[in-house]
Amino acid sequence: MNIQLSEEERKNGRMDADKLEFATALLRANGAIIIEDVLGAERTDYINEAFTKVLTEFEKNYVFGDGEFNAGGATGNVRMDLPFAAPFIEDDVVANPIFLDIAEQILGRDLTLRYLASNNSMPGGTKKQPVHSDTGPLFPETFNFTTPIHSLVLHVPLCDFTELNGATEFYPGGTHLNPDHVFKNGKMIQKLGEAMHFQAAIMPKGSFLIRDKKTWHRGCPNRSDKPRGLFTFIYQRAWDATSGRMPIPRNVYDNLSERAKQLFRMEDISDAYEPMDNVKGLYHIRRI
Ligand SMILES: O=C(O)CCC(=O)C(=O)O
């Protein structure tokens with residue numbers, strides 16, 4: 001069930017209290033929720049236009065390996081870091097209050113934003129990604145021990161997601177509640193995923209698909225003739241240091257809103273980086 005916002009909620013950046021409580025409870029129980037059309041079509045089209053230019057350039061110049069997840073190949077799925085620049089790094093995208101109202105209840109008010117990337121299903125793919133979780137166990141030595149949600153993935157589709165263009169498939173209803181040792185066994189996740197109920201994230205552009213990082217999912221081949229872009233952001237509990245540190249130019253950081261600064265405070269903020277208006281490689285680090 002996709003959650004709908006009223007015009008007023010979208011404008012105010014705030015859901016009604018009952019809806020917020022429901023959305024948060026559903027995310028905890030289901031492992032994923034979709035809130036439709038948070039950004040609005042016009043804003044999403046504007047972002048997508050800028051994004052597609054960067055992605056096209058990246059695809060032309062980047063040398064892909066032969067991994068089956070995010071490296072072109074049969075899945076046609078291309079992972080690209082997001083340039084740390086407008087119109088991507090703006091508050092309605094990275095510090096959206098509709099998202100943060102939910103995320104703060106699950107991850108704490110001092111949550112952090114540790115990962116900014118995109119997963120793009122390019123035309124011509126023929127194969128689904130293997131079913132996977134985006135994280136291994138926090139306590140790999142334990143058995144039959146379940147960790148609560150410690151990080152959330154926010155996916156923002158940049159075009160309408162349909163069966164034709166490879167809407168992400170996810171496994172609602174409890175894959176995130178598996179005990180930690182299950183997350184060590186990628187082969188078992190794939191085997192179980194082949195037998196289990198899944199849902200295609202059919203949603204309009206600018207929606208938010210929010211999921212526990214542990215929730216199983218997979219990218220799907222795009223049978224349309226246009227790239228299917230998807231932002232992927234990972235928000236974490238403040239003490240969770242399981243991510244690399246992103247290089248952020250000091251002058252760009254200094255110009256962010258106070259909320260965005262707080263979210264990015266764990267990153268590598270330095271004068272040694274220059275603003276990124278294009279993407280050179282996997283982590284596109286550009287030292288001056
Ligand atoms: O491209 C997609 O639909 C999702 C890909 C993804 O989430 C991943 O590679 O982990």
# chains A, B, ... in the order shown; residues from 1 in each chain; ligands from 1
>>> residues_near_ligand(ligand="ligand 1", cutoff="8 Å", atoms="only C-alpha atoms and all ligand atoms", output="number ranges by chain")
A: 69-70, 77-79, 118-121, 129, 132-134, 166-169, 217-220, 229-230, 232
>>> closest_atom_pairs(of="range 113-138 of chain A", to="range 245-252 of chain A", cutoff="9 Å", atoms="only C-alpha atoms", output="tab-separated table")
residue	atom	partner	partner_atom	distance
A:Arg114	CA	A:Arg245	CA	7.1
A:Tyr115	CA	A:Met246	CA	7.4
A:Leu116	CA	A:Met246	CA	8.5
>>> select_by_dssp(residues="range 71-269 of chain A", states="alpha helix (DSSP H)", output="NGL selection string")
:A and (91-94 or 97-107 or 186-195 or 250-254 or 258-263)
>>> atom_distance(atom1="CA of Gln105 in chain A", atom2="CA of His150 in chain A")
11.4 Å
>>> closest_residue(among="A:Ala74, A:Ala95, A:Leu107, A:Leu82", to="Thr24 in chain A", atoms="only C-alpha atoms")
A:Leu107
>>> residues_around(residues="Pro87 in chain A", least_positions_apart="5", cutoff="9 Å", atoms="only C-alpha atoms", output="CSV table (one decimal) with C-alpha atoms, in the first residue's frame")
chain,number,residue,atom,x,y,z
A,46,TYR,CA,14.3,19.5,-13.1
A,47,ILE,CA,16.6,17.3,-11.0
A,50,ALA,CA,20.6,17.7,-14.5
A,51,PHE,CA,21.2,14.1,-13.4
A,93,VAL,CA,16.2,16.1,-1.3
>>> residues_around(residues="Ile3 in chain A", least_positions_apart="6", cutoff="9 Å", atoms="only C-alpha atoms", output="VMD selection string")
chain A and resid 19 23 33 to 36
>>> residues_around(residues="Val156 in chain A", least_positions_apart="2", cutoff="8 Å", atoms="only C-alpha atoms", output="PyMOL selection string")
chain A and resi 154+158+205-209+230-232
>>> write_last_selection(atoms="C-alpha atoms", output="PDB file, in the first residue's frame")
ATOM      1  CA  LEU A 154      15.926   6.428   1.026  1.00  0.00           C
ATOM      2  CA  LEU A 158      13.630  10.244 -10.972  1.00  0.00           C
ATOM      3  CA  LYS A 205       8.622  10.094  -9.949  1.00  0.00           C
ATOM      4  CA  GLY A 206       9.618  12.042  -6.849  1.00  0.00           C
ATOM      5  CA  SER A 207       8.139   9.414  -4.488  1.00  0.00           C
ATOM      6  CA  PHE A 208      10.111   8.101  -1.507  1.00  0.00           C
ATOM      7  CA  LEU A 209      10.766   4.384  -1.116  1.00  0.00           C
ATOM      8  CA  LEU A 230      17.151   6.302  -8.779  1.00  0.00           C
ATOM      9  CA  PHE A 231      18.808   8.203  -5.918  1.00  0.00           C
ATOM     10  CA  THR A 232      20.019   6.036  -3.045  1.00  0.00           C
TER      11      THR A 232
END
>>> select_by_dssp(residues="range 4-206 of chain A", states="strand (DSSP E)", output="ChimeraX atom specification")
/A:32-35,71-72,77-81,112-121,151-157,169-170,199-200
>>> residues_around(residues="Gly125 in chain A", least_positions_apart="5", cutoff="8 Å", atoms="only C-alpha atoms", output="list in words")
Gly73, Ala74, Thr75, Gly76, Asn77, Pro221, Asn222 and Arg223 of chain A
>>> closest_residue(among="A:Lys261, A:Asp91, A:Tyr253, A:Ala32", to="Phe198 in chain A", atoms="only C-alpha atoms")
A:Ala32
>>> atom_distance(atom1="CA of Gly40 in chain A", atom2="CA of Asn165 in chain A")
20.1 Å
>>> closest_residue(among="A:Gln190, A:Ser151, A:Thr162, A:Gln262", to="Trp239 in chain A", atoms="only C-alpha atoms")
A:Ser151
>>> atom_distance(atom1="CA of Tyr273 in chain A", atom2="CA of Gly244 in chain A")
16.0 Å
>>> closest_residue(among="A:Gly174, A:Gly136, A:Pro204, A:Pro227", to="Gln4 in chain A", atoms="only C-alpha atoms")
A:Pro204
